[in-house]
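One file, final_12.txt, carrying compact mmCIF, C-alpha atoms and all ligand atoms:
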# COMPACT_ATOMS: atom_id res chain seq x y z
CA MET A 1 -2.82 21.44 25.89
CA ASN A 2 -6.28 22.52 24.59
CA GLU A 3 -7.70 20.87 21.46
CA PRO A 4 -7.47 23.30 18.52
CA LYS A 5 -10.78 24.95 17.60
CA GLN A 6 -12.49 23.17 14.69
CA ASP A 7 -12.55 24.88 11.29
CA ARG A 8 -16.24 25.35 10.32
CA ILE A 9 -15.68 28.53 8.27
CA TYR A 10 -17.13 27.13 5.04
CA ALA A 11 -19.63 24.72 6.65
CA ARG A 12 -22.64 26.89 5.76
CA GLU A 13 -23.36 28.53 2.45
CA ARG A 14 -21.80 32.01 2.37
CA PRO A 15 -21.25 34.73 -0.24
CA LEU A 16 -18.10 34.22 -2.30
CA GLN A 17 -15.18 36.29 -0.95
CA ASP A 18 -11.45 35.92 -1.47
CA PHE A 19 -9.72 33.99 1.32
CA VAL A 20 -7.85 36.18 3.85
CA PHE A 21 -5.76 35.38 6.92
CA ASP A 22 -8.02 37.28 9.33
CA GLU A 23 -9.13 36.70 12.95
CA LYS A 24 -11.61 33.97 11.98
CA VAL A 25 -8.97 31.99 10.08
CA ALA A 26 -6.29 32.55 12.73
CA ASP A 27 -8.68 31.21 15.40
CA VAL A 28 -9.02 27.82 13.65
CA PHE A 29 -5.77 27.76 11.68
CA THR A 30 -4.12 24.83 13.49
CA ASP A 31 -7.10 22.59 12.74
CA MET A 32 -7.50 24.03 9.22
CA ILE A 33 -3.92 23.44 8.06
CA ASN A 34 -3.66 19.98 9.63
CA ARG A 35 -6.86 18.86 7.86
CA SER A 36 -6.08 20.72 4.60
CA VAL A 37 -2.43 19.91 3.87
CA PRO A 38 -1.64 16.20 3.55
CA GLY A 39 1.54 15.50 5.49
CA TYR A 40 1.61 18.89 7.27
CA ALA A 41 2.66 17.42 10.65
CA THR A 42 5.41 15.38 8.97
CA ILE A 43 6.69 18.38 7.04
CA ILE A 44 6.77 20.52 10.21
CA SER A 45 8.69 17.91 12.15
CA MET A 46 11.18 17.33 9.28
CA ILE A 47 11.73 21.09 8.94
CA GLY A 48 12.89 20.92 12.56
CA MET A 49 15.32 18.13 11.71
CA LEU A 50 16.66 19.93 8.62
CA ALA A 51 17.11 23.13 10.63
CA ASP A 52 19.09 21.25 13.28
CA ARG A 53 21.44 19.99 10.58
CA TYR A 54 21.97 23.32 8.79
CA CYS A 55 21.60 26.02 11.45
CA ALA A 56 25.13 27.41 11.77
CA PRO A 57 26.32 28.92 15.07
CA GLY A 58 25.98 32.71 15.05
CA SER A 59 23.54 32.68 12.11
CA ALA A 60 19.94 33.69 11.56
CA VAL A 61 17.00 31.39 10.80
CA TYR A 62 13.90 32.80 9.09
CA ASP A 63 10.30 31.51 9.09
CA LEU A 64 8.62 33.59 6.38
CA GLY A 65 4.81 33.61 6.56
CA CYS A 66 5.00 31.97 9.98
CA SER A 67 1.23 32.04 10.80
CA LEU A 68 0.93 30.58 14.32
CA GLY A 69 4.57 29.48 14.33
CA GLY A 70 4.33 25.78 13.50
CA ALA A 71 7.68 25.69 11.67
CA ALA A 72 9.42 28.21 13.94
CA LEU A 73 8.54 26.24 17.08
CA ALA A 74 9.58 22.93 15.51
CA MET A 75 12.94 24.49 14.61
CA THR A 76 13.58 25.85 18.11
CA HIS A 77 12.68 22.47 19.58
CA HIS A 78 15.06 20.60 17.26
CA ILE A 79 18.12 22.87 16.91
CA SER A 80 20.58 21.51 19.43
CA HIS A 81 22.58 24.72 20.08
CA LYS A 82 21.32 28.11 21.21
CA ASP A 83 23.62 30.37 19.17
CA TYR A 84 21.16 31.64 16.56
CA GLN A 85 18.36 34.16 16.18
CA LEU A 86 15.07 32.98 14.67
CA ILE A 87 13.07 35.68 12.88
CA ALA A 88 9.43 34.78 12.22
CA VAL A 89 7.52 37.10 9.89
CA ASP A 90 3.86 37.44 8.91
CA ASN A 91 1.75 40.29 7.56
CA SER A 92 -1.40 39.05 9.33
CA ALA A 93 -1.81 40.86 12.67
CA ALA A 94 -4.23 38.14 13.81
CA MET A 95 -1.58 35.45 13.30
CA ILE A 96 1.27 37.40 14.91
CA GLU A 97 -0.82 38.27 18.01
CA ARG A 98 -1.71 34.61 18.58
CA PHE A 99 1.85 33.44 17.97
CA GLN A 100 3.10 36.05 20.47
CA LYS A 101 0.67 34.66 23.08
CA THR A 102 1.93 31.11 22.45
CA LEU A 103 5.51 32.28 22.93
CA HIS A 104 4.64 33.59 26.41
CA THR A 105 3.57 30.08 27.39
CA GLN A 106 6.62 28.26 25.96
CA GLN A 107 10.05 27.75 27.47
CA HIS A 108 13.28 27.85 25.44
CA CYS A 109 11.87 30.21 22.78
CA GLY A 110 13.85 33.26 23.88
CA ASN A 111 15.65 33.45 20.54
CA ILE A 112 12.48 33.88 18.46
CA LYS A 113 11.78 37.42 17.29
CA LEU A 114 8.38 38.12 15.70
CA LEU A 115 7.93 40.67 12.93
CA HIS A 116 4.54 41.90 11.74
CA ALA A 117 5.60 42.86 8.21
CA ASP A 118 5.23 42.16 4.52
CA LEU A 119 7.99 39.92 3.15
CA ASP A 120 8.70 42.62 0.55
CA ASP A 121 9.71 45.03 3.32
CA ILE A 122 12.06 42.94 5.45
CA GLU A 123 15.80 42.52 5.26
CA ILE A 124 17.33 39.07 5.19
CA SER A 125 20.92 38.61 6.27
CA ASN A 126 23.33 36.05 7.68
CA ALA A 127 20.76 33.27 7.21
CA SER A 128 21.70 29.60 7.38
CA VAL A 129 18.10 28.33 7.19
CA VAL A 130 15.13 30.03 5.51
CA VAL A 131 11.63 28.50 5.52
CA LEU A 132 8.74 29.37 3.20
CA ASN A 133 6.20 26.79 4.36
CA PHE A 134 3.12 27.25 2.13
CA THR A 135 3.64 31.02 1.91
CA LEU A 136 5.06 31.73 -1.58
CA GLN A 137 1.83 30.44 -3.17
CA PHE A 138 -0.01 33.42 -1.62
CA ILE A 139 2.41 35.99 -3.07
CA ALA A 140 1.62 37.47 -6.49
CA ARG A 141 3.50 35.54 -9.14
CA GLU A 142 5.33 38.59 -10.45
CA ARG A 143 6.76 39.26 -6.95
CA ARG A 144 8.09 35.75 -6.37
CA ALA A 145 11.42 35.95 -8.24
CA ARG A 146 12.44 39.13 -6.40
CA LEU A 147 11.69 37.53 -3.02
CA ILE A 148 13.62 34.35 -3.84
CA ARG A 149 16.58 36.47 -5.01
CA LYS A 150 16.48 38.53 -1.81
CA ILE A 151 16.48 35.30 0.23
CA TYR A 152 19.44 33.93 -1.75
CA GLU A 153 21.41 37.14 -1.29
CA GLY A 154 20.72 37.14 2.47
CA MET A 155 21.97 33.60 2.97
CA GLN A 156 25.34 32.25 4.01
CA PRO A 157 27.08 29.87 1.59
CA GLY A 158 26.05 26.33 2.61
CA GLY A 159 22.66 27.51 3.89
CA ILE A 160 19.31 26.01 2.85
CA LEU A 161 15.95 27.30 1.71
CA ILE A 162 12.98 25.02 2.46
CA LEU A 163 10.06 25.77 0.16
CA SER A 164 6.73 23.97 0.63
CA GLU A 165 3.92 24.62 -1.82
CA LYS A 166 0.67 23.38 -3.26
CA ILE A 167 1.72 22.42 -6.79
CA ARG A 168 0.15 21.86 -10.18
CA PHE A 169 1.13 19.52 -12.99
CA ASP A 170 1.43 20.22 -16.73
CA ASP A 171 -0.15 16.88 -17.58
CA ALA A 172 -3.92 17.48 -17.34
CA GLN A 173 -4.72 13.88 -16.41
CA LEU A 174 -2.16 13.80 -13.60
CA ASN A 175 -3.29 17.21 -12.38
CA GLU A 176 -6.90 16.08 -12.24
CA LEU A 177 -6.03 12.80 -10.51
CA LEU A 178 -3.98 14.45 -7.77
CA ILE A 179 -6.58 17.17 -7.17
CA ASP A 180 -9.27 14.48 -6.90
CA MET A 181 -7.13 12.49 -4.46
CA TYR A 182 -6.61 15.67 -2.47
CA HIS A 183 -10.36 16.34 -2.27
CA GLN A 184 -10.86 12.74 -1.14
CA PHE A 185 -8.25 13.36 1.57
CA LYS A 186 -10.22 16.44 2.71
CA GLN A 187 -13.43 14.40 2.87
CA VAL A 188 -11.69 11.80 5.01
CA GLN A 189 -10.60 14.69 7.26
CA GLY A 190 -14.29 15.49 7.83
CA TYR A 191 -14.81 18.36 5.36
CA SER A 192 -18.13 18.28 3.47
CA GLN A 193 -18.50 18.76 -0.30
CA LEU A 194 -19.87 22.26 0.42
CA GLU A 195 -16.84 23.16 2.57
CA ILE A 196 -14.43 21.80 -0.05
CA SER A 197 -16.04 23.64 -2.94
CA GLN A 198 -16.56 26.98 -1.12
CA LYS A 199 -12.95 26.99 0.14
CA ARG A 200 -11.70 26.11 -3.33
CA SER A 201 -13.57 29.09 -4.84
CA ALA A 202 -12.33 31.44 -2.09
CA LEU A 203 -8.72 30.42 -2.81
CA GLU A 204 -9.09 30.58 -6.61
CA ASN A 205 -7.55 34.07 -7.05
CA VAL A 206 -5.45 34.03 -3.91
CA LEU A 207 -3.46 30.79 -3.91
CA ILE A 208 -1.71 30.40 -7.26
CA PRO A 209 0.12 27.06 -7.53
CA GLU A 210 3.00 26.45 -9.93
CA THR A 211 4.78 23.34 -11.17
CA ILE A 212 7.84 21.95 -9.39
CA ALA A 213 9.79 22.72 -12.58
CA ALA A 214 8.81 26.43 -12.33
CA HIS A 215 9.92 26.57 -8.69
CA LYS A 216 13.22 24.86 -9.47
CA ALA A 217 13.89 27.18 -12.41
CA ARG A 218 13.23 30.27 -10.24
CA MET A 219 15.52 29.04 -7.48
CA GLN A 220 18.28 28.19 -9.92
CA GLU A 221 17.86 31.56 -11.63
CA ALA A 222 18.30 33.24 -8.23
CA GLY A 223 21.64 31.42 -7.81
CA PHE A 224 20.80 28.34 -5.75
CA ARG A 225 23.34 25.63 -6.60
CA SER A 226 20.90 22.74 -6.45
CA CYS A 227 17.34 22.05 -5.38
CA ASP A 228 14.99 19.08 -5.25
CA THR A 229 11.82 17.71 -3.69
CA TRP A 230 12.22 15.94 -0.35
CA PHE A 231 8.48 15.42 0.34
CA GLN A 232 5.39 15.07 -1.80
CA CYS A 233 1.84 13.90 -1.17
CA PHE A 234 -0.64 14.42 -4.02
CA ASN A 235 -0.44 18.09 -5.07
CA PHE A 236 1.60 19.25 -2.07
CA ALA A 237 5.39 19.24 -2.01
CA SER A 238 8.34 20.50 -0.06
CA MET A 239 11.66 21.31 -1.70
CA VAL A 240 15.12 22.09 -0.39
CA ALA A 241 17.61 24.38 -2.16
CA PHE A 242 21.28 24.84 -1.33
CA LYS A 243 23.26 28.03 -1.59
C1 LIG B 301 -0.53 28.91 4.69
S1 LIG B 301 0.03 30.08 5.77
C2 LIG B 301 1.65 29.50 6.22
C3 LIG B 301 1.66 28.39 7.22
C4 LIG B 301 2.86 28.38 8.14
N1 LIG B 301 4.10 28.68 7.47
C5 LIG B 301 2.95 27.06 8.85
O1 LIG B 301 3.88 26.30 8.57
O2 LIG B 301 2.08 26.77 9.69
C6 LIG B 301 0.54 31.49 4.82
C7 LIG B 301 0.94 32.65 5.73
O3 LIG B 301 1.67 33.58 4.93
C8 LIG B 301 1.30 34.87 5.33
N2 LIG B 301 1.58 35.78 4.20
C9 LIG B 301 1.04 35.77 2.96
N3 LIG B 301 1.56 36.75 2.20
C10 LIG B 301 2.48 37.40 2.97
C11 LIG B 301 3.34 38.51 2.76
N4 LIG B 301 3.38 39.14 1.59
N5 LIG B 301 4.14 38.91 3.77
C12 LIG B 301 4.11 38.26 4.98
N6 LIG B 301 3.31 37.20 5.24
C13 LIG B 301 2.50 36.77 4.25
C14 LIG B 301 -0.19 34.77 5.67
O4 LIG B 301 -0.62 35.81 6.50
C15 LIG B 301 -0.26 33.40 6.32
O5 LIG B 301 -0.15 33.47 7.73

Take the structure in this file and express it as structure tokens.
Ligand SMILES: C[S@@+](CC[C@H](N)C(=O)[O-])C[C@H]1O[C@@H](n2cnc3c(N)ncnc32)[C@H](O)[C@@H]1O
Amino acid sequence: MNEPKQDRIYARERPLQDFVFDEKVADVFTDMINRSVPGYATIISMIGMLADRYCAPGSAVYDLGCSLGGAALAMTHHISHKDYQLIAVDNSAAMIERFQKTLHTQQHCGNIKLLHADLDDIEISNASVVVLNFTLQFIARERRARLIRKIYEGMQPGGILILSEKIRFDDAQLNELLIDMYHQFKQVQGYSQLEISQKRSALENVLIPETIAAHKARMQEAGFRSCDTWFQCFNFASMVAFK
């Protein structure tokens, strides 16, 4: 397999613009997310394991905000039966086109259906596993509760929602510490100070993190019976909620 193309998007000084999931980002996304989310590879692999445990025969599995299909592919590789349909959705044409190309080169992915759509416009039904892997943070805060409710309503009893997010902390000292640790992690991954600070500014109005408590409250409000964190590294976490 080819090495992923290196993310150099913010390597040179550039005018400040909000971050978007366009062609340039899609081209380097595998490298970008692996070097920008501590524990990304672990989370992806564990999503596969969780999906294998909860994917019910005859049900649907959703990867919402699938990008290049990291979570969707891990799920199809781990789920031990074939009696399910995986629906992977993204509103970035650049991401969906590249994911479609990957699917042509992979075996055993016949049950993945790709949708180029906004999450507000899709229907969710008969789901045993739903994944929002670092997607909800990019959706306007006022639209989040409606989406989580729609997911809950489209799920089978006993199904799970996996929600991974960049998070913030109410305690200012803890918040600052974990952001600093995260920036140190990015430096170790080879990002320069300029890259770190330009990317941070570009994401400022686009990626809005919330506390774990806010996520839990929203999921419980939507009807989820129970939810908790199964992974955390610095200011990144993944939660699981049960219907
Ligand atoms: C950080 S990426 C997700 C990474 C991916 N889930 C993974 O595990 O590799 C966020 C994705 O969500 C998509 N997205 C953001 N808002 C969306 C919306 N309203 N509807 C559909 N997709 C959306 C973006 O286009 C982007 O590809």

9 Å shell around ligand LIG 301 (chain B) using only C-alpha atoms and all ligand atoms, listed as a VMD selection string: chain A and resid 20 to 22 26 29 to 30 33 to 34 40 43 to 44 63 to 72 89 to 96 116 to 121 131 to 140 164 to 165

Mind pulling up the distance from atom CA of A:His215 to atom CA of A:Leu178?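 We find that atom CA of A:Leu178 and atom CA of A:His215 lie 18.5 Å from each other.
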
Calculated over all atoms listed in the file, which of the candidates A:Ser80, A:Gln198, A:Ser238, A:Gln193 has the smallest distance to A:Asp52?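 Once distances to A:Asp52 are computed over all atoms listed in the file, the minimum belongs to A:Ser80.
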
Counting only C-alpha atoms, which residue out of A:Ala222, A:Leu86, A:Ala202, A:Leu177 sits closest to A:Ala56?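 Closest to A:Ala56, using only C-alpha atoms: A:Leu86.
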
Please check which residues have atoms at most 12 Å from (5.0, 31.9, 21.4) in the file's coordinates, counting only C-alpha atoms, and write them as a PDB file with C-alpha atoms, in the frame of the given file.
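Final output, saved to part_19.pdb:
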ATOM      1  CA  CYS A  66       5.000  31.970   9.980  1.00  0.00           C
ATOM      2  CA  SER A  67       1.230  32.040  10.800  1.00  0.00           C
ATOM      3  CA  LEU A  68       0.930  30.580  14.320  1.00  0.00           C
ATOM      4  CA  GLY A  69       4.570  29.480  14.330  1.00  0.00           C
ATOM      5  CA  GLY A  70       4.330  25.780  13.500  1.00  0.00           C
ATOM      6  CA  ALA A  71       7.680  25.690  11.670  1.00  0.00           C
ATOM      7  CA  ALA A  72       9.420  28.210  13.940  1.00  0.00           C
ATOM      8  CA  LEU A  73       8.540  26.240  17.080  1.00  0.00           C
ATOM      9  CA  ALA A  74       9.580  22.930  15.510  1.00  0.00           C
ATOM     10  CA  THR A  76      13.580  25.850  18.110  1.00  0.00           C
ATOM     11  CA  ALA A  88       9.430  34.780  12.220  1.00  0.00           C
ATOM     12  CA  MET A  95      -1.580  35.450  13.300  1.00  0.00           C
ATOM     13  CA  ILE A  96       1.270  37.400  14.910  1.00  0.00           C
ATOM     14  CA  GLU A  97      -0.820  38.270  18.010  1.00  0.00           C
ATOM     15  CA  ARG A  98      -1.710  34.610  18.580  1.00  0.00           C
ATOM     16  CA  PHE A  99       1.850  33.440  17.970  1.00  0.00           C
ATOM     17  CA  GLN A 100       3.100  36.050  20.470  1.00  0.00           C
ATOM     18  CA  LYS A 101       0.670  34.660  23.080  1.00  0.00           C
ATOM     19  CA  THR A 102       1.930  31.110  22.450  1.00  0.00           C
ATOM     20  CA  LEU A 103       5.510  32.280  22.930  1.00  0.00           C
ATOM     21  CA  HIS A 104       4.640  33.590  26.410  1.00  0.00           C
ATOM     22  CA  THR A 105       3.570  30.080  27.390  1.00  0.00           C
ATOM     23  CA  GLN A 106       6.620  28.260  25.960  1.00  0.00           C
ATOM     24  CA  GLN A 107      10.050  27.750  27.470  1.00  0.00           C
ATOM     25  CA  HIS A 108      13.280  27.850  25.440  1.00  0.00           C
ATOM     26  CA  CYS A 109      11.870  30.210  22.780  1.00  0.00           C
ATOM     27  CA  GLY A 110      13.850  33.260  23.880  1.00  0.00           C
ATOM     28  CA  ASN A 111      15.650  33.450  20.540  1.00  0.00           C
ATOM     29  CA  ILE A 112      12.480  33.880  18.460  1.00  0.00           C
ATOM     30  CA  LYS A 113      11.780  37.420  17.290  1.00  0.00           C
ATOM     31  CA  LEU A 114       8.380  38.120  15.700  1.00  0.00           C
TER      32      LEU A 114
END

Interatomic distance (Å, one decimal) between atom CA of A:Glu13 and atom CA of A:Val37: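 Interatomic distance here is 22.7 Å.
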
With only C-alpha atoms as the basis for distance, which of A:Glu142, A:Glu153, A:Asp7, A:Asp171 is at the shortest distance from A:Glu123? A:Glu153

Atom CA of A:His78 to atom CA of A:Gly48, straight-line distance in Å: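 Going from atom CA of A:Gly48 over to atom CA of A:His78 covers 5.2 Å.
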
Residue neighbourhood A:Arg225, 12 Å, only C-alpha atoms, exclusion window fewer than 6 positions, as a ChimeraX atom specification: /A:152,157-161,216-219,240-243

Considering all atoms listed in the file, can you say which of A:Phe234, A:Tyr54, A:Tyr182, A:Phe19 comes closest to A:Met155?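 Under the stated criterion, the closest residue is A:Tyr54.
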
Choose the residue, out of A:Ser201, A:Asn235, A:Arg35, A:Asn126, that has the smallest atom-to-atom separation from A:Glu176; count all atoms listed in the file.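 Ranking A:Ser201, A:Asn235, A:Arg35, A:Asn126 by distance to A:Glu176, first place goes to A:Asn235.
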
Would you mind telling me which residue in A:Asp180, A:Arg53, A:Lys199, A:Gln173 lies nearest to A:Val129 when using all atoms listed in the file?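 Of A:Asp180, A:Arg53, A:Lys199, A:Gln173, the one nearest A:Val129, counting all atoms listed in the file, is A:Arg53.
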
I'd like the neighbourhood of A:Val61 as a VMD selection string, where a residue qualifies if any of its atoms comes within 7 Å (using all atoms listed in the file), though same-chain residues fewer than 5 positions away should be ignored. chain A and resid 85 to 87 127 to 130

Selection above as a file: C-alpha atoms, as a PDB file, in the coordinates of the input:
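The result, written out as again37.pdb:
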ATOM      1  CA  GLN A  85      18.360  34.160  16.180  1.00  0.00           C
ATOM      2  CA  LEU A  86      15.070  32.980  14.670  1.00  0.00           C
ATOM      3  CA  ILE A  87      13.070  35.680  12.880  1.00  0.00           C
ATOM      4  CA  ALA A 127      20.760  33.270   7.210  1.00  0.00           C
ATOM      5  CA  SER A 128      21.700  29.600   7.380  1.00  0.00           C
ATOM      6  CA  VAL A 129      18.100  28.330   7.190  1.00  0.00           C
ATOM      7  CA  VAL A 130      15.130  30.030   5.510  1.00  0.00           C
TER       8      VAL A 130
END

So that I can check the surroundings of A:Arg200, please list as a PyMOL selection string every protein, DNA and RNA residue that reaches within 12 Å of it, counting all atoms listed in the file and ignoring chain neighbours fewer than 5 positions away. chain A and resi 10+16-19+36+179+182-183+186+193-195+205-208
